[in-house]
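Enquirer: I'd like to ask some things about the structure below.
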Amino acid sequence: MKYIFGPVPSRRLGLSLGVDLLPPKTCNMNCIYCELGPGKGTVCDIREYTPLSDIQAEIRHVCLEEPRDFDCLTFTASGEPTLYSRLGELILFARDVCGGRPIVVLTNAGLVHRKDVRDALAQADFVLPSLDAVTGAVFRRINRPDPCIKLNDVIKGLVLLRQKMKGRMWLEILLVQGINDSDQEIMALKKALAVIGPDRVQLNTVVRPPAEAFAKPVARRRMEEIKDMLGENAEIIVDYSRKLREGAPLMLESEILDMLRRRPLSIQDMKKLFGGYRGIDELLARLMDNGVIARKRMGNQDFYCMFHDSPIDMAAAS
Ligand code: SF4
């Protein structure tokens with residue numbers, strides 16, 4: 001299989017069989033958190049990057065000739081699926097041959113201002129667009145869009161798509177520490193979401209190695225606050241306990257630093273809270289080597305604290 005992968009278990013979608021429509025990192029954005037790496041630049045050409053008939057042959061194979069077990073078929077890409085000019089035809093084809101299983105499309109929404117793109121997406125059962133920011137400077141900083149993309153067009157396009165589509169729209173916001181997680185940006189997003197009207201708002205953060213090392217995850221406590229600010233249909237889709245258990249280093253680091261910013265932790269506290277997680281000793285050693293945290297003695301106990309915490313701050317430890 002060249003274009004189809006999985007099925008992969010997904011918290012949101014069940015067993016999802018993926019269809020990858022584009023060559024590696026073909027995208028009209030270059031997000032700082034992108035797990036495909038920095039890429040070689042953005043593109044805006046909508047075309048048939050891979051032959052339609054080749055992708056159809058693979059879909060036919062996994063749905064009819066040697067049927068695989070899956071819950072939904074997800075059009076995704078090593079980049080932005082709506083750059084594939086024949087996406088609409090593929091959605092209709094997949095619906096025909098895959099026995100009515102839900103068709104899902106992931107998109108960065110950069111092209112939804114185009115009617116042909118909206119027409120294609122409106123045929124899916126689920127559209128999962130991203131919208132990480134609604135103020136120009138933050139949008140440019142986090143998503144680094146191609147000049148062909150204008151933020152106002154994205155928002156207007158999402159409004160029109162929501163009006164047109166009969167399926168569900170689950171809109172994802174990926175939050176990056178210090179970039180799009182301020183109260184101001186969240187309130188602006190809230191206003192835009194009220195106009196767009198997605199069925200769900202799903203909050204995510206950086207859990208895999210990002211294109212840029214400065215793209216850090218938002219700690220769970222702040223994610224909860226943001227979810228509460230956004231209202232009832234917002235949910236957090238990061239499985240923190242699983243990510244931490246699996247030793248996702250960025251996530252673990254963010255949780256530890258979040259705790260240490262509030263108060264120092266004794267070695268015993270640290271063991272109790274994080275001792276079961278893979279890679280914890282290496283992570284603490286690295287944070288100390290890099291001068292981010294320190295180990296200080298207070299009374300007859302050793303504490304971890306932020307490197308710049310003064311002895312007065314250490315009093316909070318007791
Ligand atoms: S839209 Fe997706 S594929 Fe494109 S740069 Fe952003 S994260 Fe990567």
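Every chain in the structure tokens takes a letter, A first, then B, and so on in the order presented; its residues are numbered from 1, and the ligands are numbered from 1 following the presented order.
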Would you please give, as a PDB file with N, CA and C atoms, in the first residue's frame, all residues of segment 55-251 of chain A that DSSP assigns to strand (DSSP E or B) based on the backbone?

Expert:
ATOM      1  N   CYS A  72     -13.656   4.072  10.357  1.00  0.00           N
ATOM      2  CA  CYS A  72     -13.848   5.221   9.458  1.00  0.00           C
ATOM      3  C   CYS A  72     -12.639   5.351   8.535  1.00  0.00           C
ATOM      4  N   LEU A  73     -12.873   6.018   7.423  1.00  0.00           N
ATOM      5  CA  LEU A  73     -11.784   6.244   6.460  1.00  0.00           C
ATOM      6  C   LEU A  73     -11.411   7.724   6.549  1.00  0.00           C
ATOM      7  N   THR A  74     -10.147   7.987   6.803  1.00  0.00           N
ATOM      8  CA  THR A  74      -9.737   9.377   7.053  1.00  0.00           C
ATOM      9  C   THR A  74      -8.807   9.872   5.957  1.00  0.00           C
ATOM     10  N   PHE A  75      -9.243  10.919   5.253  1.00  0.00           N
ATOM     11  CA  PHE A  75      -8.367  11.555   4.265  1.00  0.00           C
ATOM     12  C   PHE A  75      -7.497  12.559   4.999  1.00  0.00           C
ATOM     13  N   THR A  76      -6.225  12.279   4.901  1.00  0.00           N
ATOM     14  CA  THR A  76      -5.263  13.130   5.577  1.00  0.00           C
ATOM     15  C   THR A  76      -4.159  13.339   4.560  1.00  0.00           C
ATOM     16  N   GLY A  79       0.728  16.646   4.767  1.00  0.00           N
ATOM     17  CA  GLY A  79       0.545  18.045   4.396  1.00  0.00           C
ATOM     18  C   GLY A  79      -0.941  18.364   4.456  1.00  0.00           C
ATOM     19  N   TYR A  84      -5.214  18.547  -2.772  1.00  0.00           N
ATOM     20  CA  TYR A  84      -5.457  17.504  -3.766  1.00  0.00           C
ATOM     21  C   TYR A  84      -6.733  17.858  -4.535  1.00  0.00           C
ATOM     22  N   ILE A 103     -16.767   8.954   6.451  1.00  0.00           N
ATOM     23  CA  ILE A 103     -15.610   9.526   5.769  1.00  0.00           C
ATOM     24  C   ILE A 103     -15.203  10.795   6.526  1.00  0.00           C
ATOM     25  N   VAL A 104     -13.941  10.848   6.853  1.00  0.00           N
ATOM     26  CA  VAL A 104     -13.418  11.954   7.673  1.00  0.00           C
ATOM     27  C   VAL A 104     -12.345  12.688   6.866  1.00  0.00           C
ATOM     28  N   VAL A 105     -12.299  14.018   6.984  1.00  0.00           N
ATOM     29  CA  VAL A 105     -11.205  14.769   6.351  1.00  0.00           C
ATOM     30  C   VAL A 105     -10.566  15.689   7.393  1.00  0.00           C
ATOM     31  N   LEU A 106      -9.255  15.623   7.485  1.00  0.00           N
ATOM     32  CA  LEU A 106      -8.509  16.566   8.324  1.00  0.00           C
ATOM     33  C   LEU A 106      -8.038  17.718   7.444  1.00  0.00           C
ATOM     34  N   THR A 107      -8.169  18.926   7.912  1.00  0.00           N
ATOM     35  CA  THR A 107      -7.716  20.067   7.097  1.00  0.00           C
ATOM     36  C   THR A 107      -7.229  21.213   7.982  1.00  0.00           C
ATOM     37  N   PHE A 126     -17.443  13.778   8.565  1.00  0.00           N
ATOM     38  CA  PHE A 126     -16.782  14.571   9.597  1.00  0.00           C
ATOM     39  C   PHE A 126     -15.693  15.404   8.944  1.00  0.00           C
ATOM     40  N   VAL A 127     -15.681  16.696   9.242  1.00  0.00           N
ATOM     41  CA  VAL A 127     -14.551  17.530   8.831  1.00  0.00           C
ATOM     42  C   VAL A 127     -13.887  18.002  10.129  1.00  0.00           C
ATOM     43  N   LEU A 128     -12.590  17.797  10.202  1.00  0.00           N
ATOM     44  CA  LEU A 128     -11.840  18.190  11.399  1.00  0.00           C
ATOM     45  C   LEU A 128     -10.860  19.300  11.021  1.00  0.00           C
ATOM     46  N   PRO A 129     -11.364  20.539  10.994  1.00  0.00           N
ATOM     47  CA  PRO A 129     -10.470  21.651  10.629  1.00  0.00           C
ATOM     48  C   PRO A 129      -9.676  22.128  11.841  1.00  0.00           C
ATOM     49  N   SER A 130      -8.559  22.779  11.558  1.00  0.00           N
ATOM     50  CA  SER A 130      -7.773  23.397  12.636  1.00  0.00           C
ATOM     51  C   SER A 130      -7.949  24.907  12.570  1.00  0.00           C
ATOM     52  N   ARG A 168     -20.633  16.475  10.611  1.00  0.00           N
ATOM     53  CA  ARG A 168     -20.171  17.157  11.818  1.00  0.00           C
ATOM     54  C   ARG A 168     -18.861  17.890  11.580  1.00  0.00           C
ATOM     55  N   MET A 169     -18.717  19.004  12.278  1.00  0.00           N
ATOM     56  CA  MET A 169     -17.442  19.730  12.249  1.00  0.00           C
ATOM     57  C   MET A 169     -16.857  19.720  13.662  1.00  0.00           C
ATOM     58  N   TRP A 170     -15.703  19.068  13.791  1.00  0.00           N
ATOM     59  CA  TRP A 170     -14.993  19.087  15.078  1.00  0.00           C
ATOM     60  C   TRP A 170     -13.748  19.930  14.864  1.00  0.00           C
ATOM     61  N   LEU A 171     -13.737  21.090  15.438  1.00  0.00           N
ATOM     62  CA  LEU A 171     -12.636  22.033  15.174  1.00  0.00           C
ATOM     63  C   LEU A 171     -11.539  21.886  16.235  1.00  0.00           C
ATOM     64  N   GLU A 172     -10.324  21.733  15.753  1.00  0.00           N
ATOM     65  CA  GLU A 172      -9.209  21.525  16.678  1.00  0.00           C
ATOM     66  C   GLU A 172      -8.389  22.807  16.852  1.00  0.00           C
ATOM     67  N   ILE A 173      -8.046  23.086  18.104  1.00  0.00           N
ATOM     68  CA  ILE A 173      -7.108  24.184  18.399  1.00  0.00           C
ATOM     69  C   ILE A 173      -5.883  23.540  19.028  1.00  0.00           C
ATOM     70  N   LEU A 174      -4.745  23.710  18.388  1.00  0.00           N
ATOM     71  CA  LEU A 174      -3.529  23.184  18.997  1.00  0.00           C
ATOM     72  C   LEU A 174      -2.833  24.325  19.744  1.00  0.00           C
ATOM     73  N   LEU A 175      -2.683  24.121  21.035  1.00  0.00           N
ATOM     74  CA  LEU A 175      -2.158  25.185  21.892  1.00  0.00           C
ATOM     75  C   LEU A 175      -0.669  24.995  22.143  1.00  0.00           C
ATOM     76  N   VAL A 176       0.063  26.087  21.973  1.00  0.00           N
ATOM     77  CA  VAL A 176       1.506  26.065  22.182  1.00  0.00           C
ATOM     78  C   VAL A 176       1.832  27.082  23.272  1.00  0.00           C
ATOM     79  N   ARG A 200     -18.050  20.493  17.878  1.00  0.00           N
ATOM     80  CA  ARG A 200     -17.165  20.343  19.035  1.00  0.00           C
ATOM     81  C   ARG A 200     -15.921  21.183  18.832  1.00  0.00           C
ATOM     82  N   VAL A 201     -15.315  21.590  19.931  1.00  0.00           N
ATOM     83  CA  VAL A 201     -14.013  22.273  19.876  1.00  0.00           C
ATOM     84  C   VAL A 201     -13.040  21.379  20.639  1.00  0.00           C
ATOM     85  N   GLN A 202     -12.002  20.946  19.965  1.00  0.00           N
ATOM     86  CA  GLN A 202     -11.105  19.974  20.575  1.00  0.00           C
ATOM     87  C   GLN A 202      -9.734  20.601  20.810  1.00  0.00           C
ATOM     88  N   LEU A 203      -9.296  20.541  22.043  1.00  0.00           N
ATOM     89  CA  LEU A 203      -8.040  21.199  22.421  1.00  0.00           C
ATOM     90  C   LEU A 203      -6.910  20.185  22.471  1.00  0.00           C
ATOM     91  N   ASN A 204      -5.836  20.534  21.800  1.00  0.00           N
ATOM     92  CA  ASN A 204      -4.684  19.644  21.741  1.00  0.00           C
ATOM     93  C   ASN A 204      -3.450  20.465  22.095  1.00  0.00           C
ATOM     94  N   THR A 205      -2.356  19.790  22.297  1.00  0.00           N
ATOM     95  CA  THR A 205      -1.099  20.514  22.491  1.00  0.00           C
ATOM     96  C   THR A 205       0.043  19.701  21.903  1.00  0.00           C
ATOM     97  N   PRO A 217       4.634  22.204  24.861  1.00  0.00           N
ATOM     98  CA  PRO A 217       3.242  21.901  25.220  1.00  0.00           C
ATOM     99  C   PRO A 217       2.725  22.806  26.332  1.00  0.00           C
ATOM    100  N   ALA A 234     -16.339  22.473  24.366  1.00  0.00           N
ATOM    101  CA  ALA A 234     -14.879  22.300  24.264  1.00  0.00           C
ATOM    102  C   ALA A 234     -14.449  21.086  25.074  1.00  0.00           C
ATOM    103  N   GLU A 235     -13.490  20.368  24.533  1.00  0.00           N
ATOM    104  CA  GLU A 235     -12.960  19.207  25.253  1.00  0.00           C
ATOM    105  C   GLU A 235     -11.463  19.097  24.982  1.00  0.00           C
ATOM    106  N   ILE A 236     -10.771  18.477  25.929  1.00  0.00           N
ATOM    107  CA  ILE A 236      -9.330  18.266  25.760  1.00  0.00           C
ATOM    108  C   ILE A 236      -9.147  16.882  25.156  1.00  0.00           C
TER     109      ILE A 236
END

Enquirer: Which neighbours of Tyr49 of chain A fall inside 9 Å, counting only C-alpha atoms, when residues of the same chain fewer than 5 positions from it are skipped, and could you give them as a list in words?

Expert: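 That gives Leu21, Leu22, Pro23, Leu83, Tyr84 and Ser85 of chain A.
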
Enquirer: Set out as CSV a contact list for chain A and ligand 1 with a cut-off of 8 Å, giving each residue of chain A that qualifies its closest atom pair and distance in Å to one decimal, counting only C-alpha atoms and all ligand atoms, ordered by chain and rising residue number.

Expert:
residue,atom,partner,partner_atom_place_in_ligand_line,distance
A:Lys25,CA,ligand 1,3 (S),6.2
A:Thr26,CA,ligand 1,3 (S),7.4
A:Cys27,CA,ligand 1,4 (Fe),4.8
A:Asn28,CA,ligand 1,4 (Fe),6.4
A:Met29,CA,ligand 1,5 (S),4.6
A:Asn30,CA,ligand 1,5 (S),3.7
A:Cys31,CA,ligand 1,6 (Fe),4.1
A:Ile32,CA,ligand 1,5 (S),7.4
A:Tyr33,CA,ligand 1,7 (S),6.3
A:Cys34,CA,ligand 1,7 (S),3.9
A:Glu35,CA,ligand 1,8 (Fe),6.3
A:Leu36,CA,ligand 1,8 (Fe),5.9
A:Gly37,CA,ligand 1,8 (Fe),7.6
A:Pro38,CA,ligand 1,5 (S),7.7
A:Ala77,CA,ligand 1,3 (S),7.3
A:Ser78,CA,ligand 1,3 (S),5.9
A:Gly79,CA,ligand 1,3 (S),3.7
A:Glu80,CA,ligand 1,4 (Fe),5.7
A:Thr107,CA,ligand 1,1 (S),7.2
A:Asn108,CA,ligand 1,1 (S),4.9
A:Ser130,CA,ligand 1,1 (S),8.0
A:Asn143,CA,ligand 1,6 (Fe),6.2

Enquirer: Quick one: of A:His308, A:Arg141, A:Arg263, A:Lys166, who's nearest to Ala124 of chain A, counting only C-alpha atoms?

Expert: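 Among the listed residues, A:Lys166 lies closest to Ala124 of chain A.
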
Enquirer: Just the residues within 8 Å of segment 57-64 of chain A, please, counting only C-alpha atoms, with nothing from its chain fewer than 6 positions along; format it as a PyMOL selection string.

Expert: chain A and resi 1+3-4+94+97-99

Enquirer: To one decimal place, how far is atom CA of Arg47 of chain A from atom CA of Leu87 of chain A in Å?

Expert: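 Rounded to one decimal, the two atoms are 9.9 Å apart.
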
Enquirer: Near Leu230 of chain A, within 9 Å and counting only C-alpha atoms, which residues show up once chain neighbours fewer than 4 positions away are dropped, as a ChimeraX atom specification?

Expert: /A:186-187,189-190,193,201,225-226,234

Enquirer: Output the selection as an mmCIF file, in the first residue's frame - N, CA and C atoms for each residue.

Expert:
data_model
loop_
_atom_site.group_PDB
_atom_site.id
_atom_site.type_symbol
_atom_site.label_atom_id
_atom_site.label_comp_id
_atom_site.auth_asym_id
_atom_site.auth_seq_id
_atom_site.Cartn_x
_atom_site.Cartn_y
_atom_site.Cartn_z
ATOM 1 N N ILE A 186 -7.469 33.445 23.562
ATOM 2 C CA ILE A 186 -8.555 32.474 23.785
ATOM 3 C C ILE A 186 -9.918 33.184 23.690
ATOM 4 N N MET A 187 -10.020 34.392 24.232
ATOM 5 C CA MET A 187 -11.292 35.100 24.156
ATOM 6 C C MET A 187 -11.615 35.482 22.710
ATOM 7 N N LEU A 189 -10.616 33.763 20.108
ATOM 8 C CA LEU A 189 -11.034 32.497 19.481
ATOM 9 C C LEU A 189 -12.490 32.185 19.838
ATOM 10 N N LYS A 190 -12.828 32.434 21.086
ATOM 11 C CA LYS A 190 -14.193 32.136 21.533
ATOM 12 C C LYS A 190 -15.223 32.901 20.699
ATOM 13 N N LEU A 193 -15.422 31.345 17.281
ATOM 14 C CA LEU A 193 -16.099 30.042 17.321
ATOM 15 C C LEU A 193 -17.612 30.203 17.428
ATOM 16 N N VAL A 201 -15.315 21.590 19.931
ATOM 17 C CA VAL A 201 -14.013 22.273 19.876
ATOM 18 C C VAL A 201 -13.040 21.379 20.639
ATOM 19 N N GLU A 225 -8.102 25.280 32.178
ATOM 20 C CA GLU A 225 -8.626 26.662 32.273
ATOM 21 C C GLU A 225 -9.168 27.111 30.915
ATOM 22 N N ILE A 226 -8.406 26.794 29.864
ATOM 23 C CA ILE A 226 -8.812 27.221 28.521
ATOM 24 C C ILE A 226 -10.112 26.517 28.125
ATOM 25 N N ALA A 234 -16.339 22.473 24.366
ATOM 26 C CA ALA A 234 -14.879 22.300 24.264
ATOM 27 C C ALA A 234 -14.449 21.086 25.074
#

Enquirer: When you count only C-alpha atoms, which of these residues is closest to Ser182 of chain A: A:Ile256, A:Cys148, A:Val138, A:Ile196?

Expert: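 Distance minimum relative to Ser182 of chain A lands on A:Val138.
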
Enquirer: Write out as an MDAnalysis selection string which residues come within 10 Å of Leu260 of chain A when counting only C-alpha atoms, dropping same-chain ones fewer than 5 positions away.

Expert: chainID A and resid 254:255 265 270 293 303:307 309 317

Enquirer: Could you please take those selected residues and save C-alpha atoms as a compact mmCIF listing (two decimals), in the first residue's frame?

Expert:
# COMPACT_ATOMS: atom_id res chain seq x y z
CA SER A 254 5.88 20.61 30.74
CA GLU A 255 4.05 18.96 33.67
CA LEU A 265 9.04 19.54 45.17
CA MET A 270 8.88 14.03 42.72
CA ILE A 293 15.89 23.62 37.45
CA PHE A 303 14.14 19.87 46.84
CA TYR A 304 13.81 20.41 43.13
CA CYS A 305 12.90 23.99 42.22
CA MET A 306 13.13 26.39 39.29
CA PHE A 307 16.74 27.48 38.92
CA ASP A 309 13.90 30.44 42.90
CA ALA A 317 8.09 24.10 49.90

Enquirer: Could you give me, as a list in words, the residues within 9 Å of Gln177 of chain A, counting only C-alpha atoms and dropping anything in the same chain fewer than 3 positions from it?

Expert: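 Contacts, with the query itself left out: Asn180, Asp181, Ser182, Thr205, Val206, Phe214, Ala215, Lys216, Pro217, Val218 and Ala219 of chain A.
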
Enquirer: Kindly export the residues of the current selection with C-alpha atoms, as an mmCIF file, in the first residue's frame.

Expert:
data_model
loop_
_atom_site.group_PDB
_atom_site.id
_atom_site.type_symbol
_atom_site.label_atom_id
_atom_site.label_comp_id
_atom_site.auth_asym_id
_atom_site.auth_seq_id
_atom_site.Cartn_x
_atom_site.Cartn_y
_atom_site.Cartn_z
ATOM 1 C CA ASN A 180 -1.538 31.078 21.442
ATOM 2 C CA ASP A 181 -2.521 30.270 25.040
ATOM 3 C CA SER A 182 -3.021 33.810 26.378
ATOM 4 C CA THR A 205 -1.099 20.514 22.491
ATOM 5 C CA VAL A 206 2.397 19.541 21.380
ATOM 6 C CA PHE A 214 10.576 26.357 20.988
ATOM 7 C CA ALA A 215 7.093 24.900 20.395
ATOM 8 C CA LYS A 216 6.359 23.611 23.902
ATOM 9 C CA PRO A 217 3.242 21.901 25.220
ATOM 10 C CA VAL A 218 0.751 23.690 27.425
ATOM 11 C CA ALA A 219 0.469 22.157 30.876
#

Enquirer: Taking the DSSP assignment computed from this structure's backbone, write out as a ChimeraX atom specification all residues of segment 108-217 of chain A that belong to alpha helix (DSSP H).

Expert: /A:115-121,136-143,151-164,183-196

Enquirer: Only C-alpha atoms, please: the residues just picked out, written as a PDB file, in the first residue's frame.

Expert:
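Produced file out23.pdb, reproduced below:
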ATOM      1  CA  LYS A 115     -16.124  27.183  -3.102  1.00  0.00           C
ATOM      2  CA  ASP A 116     -14.719  24.074  -4.812  1.00  0.00           C
ATOM      3  CA  VAL A 117     -12.887  23.113  -1.619  1.00  0.00           C
ATOM      4  CA  ARG A 118     -16.000  23.664   0.504  1.00  0.00           C
ATOM      5  CA  ASP A 119     -18.074  21.623  -1.953  1.00  0.00           C
ATOM      6  CA  ALA A 120     -15.604  18.740  -1.598  1.00  0.00           C
ATOM      7  CA  LEU A 121     -15.409  18.914   2.183  1.00  0.00           C
ATOM      8  CA  GLY A 136      -3.115  38.006  12.591  1.00  0.00           C
ATOM      9  CA  ALA A 137       0.224  38.148  14.411  1.00  0.00           C
ATOM     10  CA  VAL A 138      -0.411  34.979  16.411  1.00  0.00           C
ATOM     11  CA  PHE A 139      -1.761  33.145  13.349  1.00  0.00           C
ATOM     12  CA  ARG A 140       1.390  34.027  11.390  1.00  0.00           C
ATOM     13  CA  ARG A 141       3.633  33.083  14.297  1.00  0.00           C
ATOM     14  CA  ILE A 142       2.144  29.673  14.964  1.00  0.00           C
ATOM     15  CA  ASN A 143       1.014  28.519  11.507  1.00  0.00           C
ATOM     16  CA  LEU A 151      -6.824  34.712   8.123  1.00  0.00           C
ATOM     17  CA  ASN A 152     -10.123  36.493   7.434  1.00  0.00           C
ATOM     18  CA  ASP A 153     -10.733  34.170   4.483  1.00  0.00           C
ATOM     19  CA  VAL A 154     -10.127  31.150   6.712  1.00  0.00           C
ATOM     20  CA  ILE A 155     -12.675  32.308   9.280  1.00  0.00           C
ATOM     21  CA  LYS A 156     -15.271  33.297   6.651  1.00  0.00           C
ATOM     22  CA  GLY A 157     -14.681  30.019   4.824  1.00  0.00           C
ATOM     23  CA  LEU A 158     -15.278  28.013   7.999  1.00  0.00           C
ATOM     24  CA  VAL A 159     -18.547  29.863   8.593  1.00  0.00           C
ATOM     25  CA  LEU A 160     -19.707  29.053   5.045  1.00  0.00           C
ATOM     26  CA  LEU A 161     -18.551  25.438   5.294  1.00  0.00           C
ATOM     27  CA  ARG A 162     -20.441  24.916   8.560  1.00  0.00           C
ATOM     28  CA  GLN A 163     -23.583  26.300   6.905  1.00  0.00           C
ATOM     29  CA  LYS A 164     -23.183  24.047   3.902  1.00  0.00           C
ATOM     30  CA  ASP A 183      -6.416  34.840  27.778  1.00  0.00           C
ATOM     31  CA  GLN A 184      -6.614  37.469  25.049  1.00  0.00           C
ATOM     32  CA  GLU A 185      -6.183  34.984  22.194  1.00  0.00           C
ATOM     33  CA  ILE A 186      -8.555  32.474  23.785  1.00  0.00           C
ATOM     34  CA  MET A 187     -11.292  35.100  24.156  1.00  0.00           C
ATOM     35  CA  ALA A 188     -10.795  36.144  20.525  1.00  0.00           C
ATOM     36  CA  LEU A 189     -11.034  32.497  19.481  1.00  0.00           C
ATOM     37  CA  LYS A 190     -14.193  32.136  21.533  1.00  0.00           C
ATOM     38  CA  LYS A 191     -15.826  34.989  19.626  1.00  0.00           C
ATOM     39  CA  ALA A 192     -14.872  33.488  16.267  1.00  0.00           C
ATOM     40  CA  LEU A 193     -16.099  30.042  17.321  1.00  0.00           C
ATOM     41  CA  ALA A 194     -19.467  31.492  18.263  1.00  0.00           C
ATOM     42  CA  VAL A 195     -19.853  32.630  14.637  1.00  0.00           C
ATOM     43  CA  ILE A 196     -18.451  29.464  13.026  1.00  0.00           C
TER      44      ILE A 196
END

Enquirer: Near Asp302 of chain A, counting only C-alpha atoms, which residues have an atom at most 12 Å away, once you skip same-chain residues fewer than 3 positions from it, shown as a list in words?

Expert: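 The residues satisfying every condition are Pro264, Leu265, Ser266, Ile267, Gln268, Asp269, Met270, Ala294, Arg295, Lys296, Arg297, Met298, Gly299, Cys305, Met314, Ala317 and Ser318 of chain A.
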
Enquirer: For the residues in the current selection, export C-alpha atoms as a PDB file, in the first residue's frame.

Expert:
ATOM      1  CA  PRO A 264       9.415  23.306  44.876  1.00  0.00           C
ATOM      2  CA  LEU A 265       9.044  19.537  45.173  1.00  0.00           C
ATOM      3  CA  SER A 266      11.015  17.331  47.499  1.00  0.00           C
ATOM      4  CA  ILE A 267      12.712  14.286  46.008  1.00  0.00           C
ATOM      5  CA  GLN A 268      10.027  12.160  47.661  1.00  0.00           C
ATOM      6  CA  ASP A 269       7.243  14.318  46.108  1.00  0.00           C
ATOM      7  CA  MET A 270       8.879  14.026  42.718  1.00  0.00           C
ATOM      8  CA  ALA A 294      18.102  23.116  40.473  1.00  0.00           C
ATOM      9  CA  ARG A 295      18.328  20.826  43.468  1.00  0.00           C
ATOM     10  CA  LYS A 296      18.612  22.690  46.755  1.00  0.00           C
ATOM     11  CA  ARG A 297      18.871  21.581  50.369  1.00  0.00           C
ATOM     12  CA  MET A 298      16.346  22.950  52.831  1.00  0.00           C
ATOM     13  CA  GLY A 299      16.459  21.680  56.426  1.00  0.00           C
ATOM     14  CA  CYS A 305      12.897  23.985  42.216  1.00  0.00           C
ATOM     15  CA  MET A 314      11.822  27.845  48.933  1.00  0.00           C
ATOM     16  CA  ALA A 317       8.089  24.103  49.896  1.00  0.00           C
ATOM     17  CA  SER A 318       7.268  23.344  53.471  1.00  0.00           C
TER      18      SER A 318
END

Enquirer: Quick one: pull the distance between atom CA of Asp54 of chain A and atom CA of Asp96 of chain A, Å, one decimal.

Expert: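 Atom-to-atom, atom CA of Asp54 of chain A to atom CA of Asp96 of chain A, that is 16.6 Å.
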